[in-house]
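Accompanying notes for the structure given below.
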Amino acid sequence: MSVSALRARPSSIPVRAAFCRYMSTHLADAHCVPCSKKAIRELGLQRLSEADATAKLSELEPGWALRPQPPAHATASPLPPALHKVYRFRNFATAAAFTQAVGEAADAQGHHPALLLEWGSVAVWWWSHALEGLHENDYIMAARTDRLASTADGRR
C-alpha cells in the first residue's frame with residue numbers, strides 16, 4: 001500500500017497502524033550513513049532539531065519515545081535525548097537472543113545502541129554519539145529493531 005493511498009483513507013486507528021508499519025518497513029530497508037567525526041566534517045552531517053526528532057517518531061511503530069540514555073559512566077552533564085523502547089519477552093533466554101540479534105544488526109550498520117538486558121525485557125536506546133544527538137540513522141535502526149522484534153521468539 002502506498003503512502004498516498006494510506007493518507008487518502010479516512011482517519012482511524014487501523015489506518016495509522018498500517019501507515020506506521022509501512023513507514024517502519026521503509027525505514028528498516030534504508031542504510032545508515034557513516035557518522036564519524038570525519039564524516040561529520042566532510043559530509044556536513046548534523047543532528048536533528050528537537051522538533052524534527054519529535055516529528056519523526058510518527059514514522060516508527062508505537063512505543064518509541066525520546067528519553068535520555070542512562071550513562072555508562074559518571075558524567076557531569078545529562079546525555080541528550082535518545083530513541084527509547086522496551087521490549088517484553090517470556091524469559092531471560094528469549095530476551096538475550098533478541099539482544100544478540102539487535103547487536104548483530106547494529107554491528108552490520110556500524111551504528112550501536114545502548115542495550116539493557118533484564119529478565120523478560122530488553123530496553124534499547126538509539127542515538128548518534130558522534131553528533132551528540134539524534135540522526136536519521138537512529139530512526140533506521142529503531143525500525144530495524146522493531147522488524148527484529150516482530151519475528152523474535154518469546155515476545156510478549
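Labels used: A, B, ... for chains in the order of the C-alpha cells, numbers from 1 for residues in each chain, and numbers from 1 for ligands as shown.
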
- [ ] Write down as a PyMOL selection string the residues belonging to chain A that are assigned alpha helix (DSSP H) by DSSP computed on the backbone.
- [x] chain A and resi 3-8+13-28+37-43+50-56+92-109+136-150

Open item on the list: Report as number ranges by chain all protein, DNA and RNA residues lying within 9 Å of A:Ala65, evaluated on only C-alpha atoms, omitting residues in the same chain fewer than 2 positions from it.
Closed with: A: 54, 57, 62-63, 67, 82-85

Any chance you can output those residues with C-alpha atoms as a PDB file, in the first residue's frame?
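selection.pdb, freshly written:
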```
ATOM      1  CA  THR A  54       9.809  14.508  17.803  1.00  0.00           C
ATOM      2  CA  LEU A  57       8.598   9.500  15.938  1.00  0.00           C
ATOM      3  CA  PRO A  62       4.202   2.730  18.599  1.00  0.00           C
ATOM      4  CA  GLY A  63       6.240   2.536  21.785  1.00  0.00           C
ATOM      5  CA  ARG A  67      14.338   9.754  26.700  1.00  0.00           C
ATOM      6  CA  ALA A  82      17.677   9.171  22.568  1.00  0.00           C
ATOM      7  CA  LEU A  83      15.085   6.956  20.929  1.00  0.00           C
ATOM      8  CA  HIS A  84      13.954   4.534  23.642  1.00  0.00           C
ATOM      9  CA  LYS A  85      11.743   1.448  23.672  1.00  0.00           C
TER      10      LYS A  85
END
```

Task: Within 12 Å of A:Trp125 using only C-alpha atoms, minus same-chain residues under 4 positions, as number ranges by chain - done: A: 64-71, 79-87, 102, 106, 111-117, 129, 133-134, 138-139, 141-142, 145

Just the selected residues (C-alpha atoms), exported as a PDB file, in the first residue's frame, please.
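That gives us part-v9.pdb:
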```pdb
ATOM      1  CA  TRP A  64       9.229   4.688  20.853  1.00  0.00           C
ATOM      2  CA  ALA A  65       9.822   7.778  22.976  1.00  0.00           C
ATOM      3  CA  LEU A  66      12.541  10.395  23.414  1.00  0.00           C
ATOM      4  CA  ARG A  67      14.338   9.754  26.700  1.00  0.00           C
ATOM      5  CA  PRO A  68      17.912  10.329  27.853  1.00  0.00           C
ATOM      6  CA  GLN A  69      20.154   7.313  27.627  1.00  0.00           C
ATOM      7  CA  PRO A  70      21.424   6.145  31.009  1.00  0.00           C
ATOM      8  CA  PRO A  71      25.134   6.997  31.313  1.00  0.00           C
ATOM      9  CA  LEU A  79      23.047  12.935  27.927  1.00  0.00           C
ATOM     10  CA  PRO A  80      20.887  14.160  25.033  1.00  0.00           C
ATOM     11  CA  PRO A  81      17.538  12.527  24.292  1.00  0.00           C
ATOM     12  CA  ALA A  82      17.677   9.171  22.568  1.00  0.00           C
ATOM     13  CA  LEU A  83      15.085   6.956  20.929  1.00  0.00           C
ATOM     14  CA  HIS A  84      13.954   4.534  23.642  1.00  0.00           C
ATOM     15  CA  LYS A  85      11.743   1.448  23.672  1.00  0.00           C
ATOM     16  CA  VAL A  86      11.325  -1.569  25.944  1.00  0.00           C
ATOM     17  CA  TYR A  87      10.530  -4.985  24.503  1.00  0.00           C
ATOM     18  CA  VAL A 102      19.979  -6.381  17.742  1.00  0.00           C
ATOM     19  CA  ALA A 106      23.845  -2.839  14.762  1.00  0.00           C
ATOM     20  CA  HIS A 111      25.710   2.055  14.497  1.00  0.00           C
ATOM     21  CA  HIS A 112      25.427   0.794  18.056  1.00  0.00           C
ATOM     22  CA  PRO A 113      22.714   1.226  20.707  1.00  0.00           C
ATOM     23  CA  ALA A 114      22.715   1.078  24.462  1.00  0.00           C
ATOM     24  CA  LEU A 115      21.028  -2.166  25.474  1.00  0.00           C
ATOM     25  CA  LEU A 116      19.795  -3.138  28.926  1.00  0.00           C
ATOM     26  CA  LEU A 117      19.047  -6.846  29.207  1.00  0.00           C
ATOM     27  CA  HIS A 129      27.288   9.591  19.793  1.00  0.00           C
ATOM     28  CA  GLY A 133      22.043  13.800  19.387  1.00  0.00           C
ATOM     29  CA  LEU A 134      19.633  12.090  17.038  1.00  0.00           C
ATOM     30  CA  ASP A 138      18.779   6.235  14.758  1.00  0.00           C
ATOM     31  CA  TYR A 139      15.330   6.019  13.182  1.00  0.00           C
ATOM     32  CA  MET A 141      17.933   1.292  13.379  1.00  0.00           C
ATOM     33  CA  ALA A 142      14.812   1.738  15.536  1.00  0.00           C
ATOM     34  CA  THR A 145      14.840  -3.217  15.847  1.00  0.00           C
TER      35      THR A 145
END
```
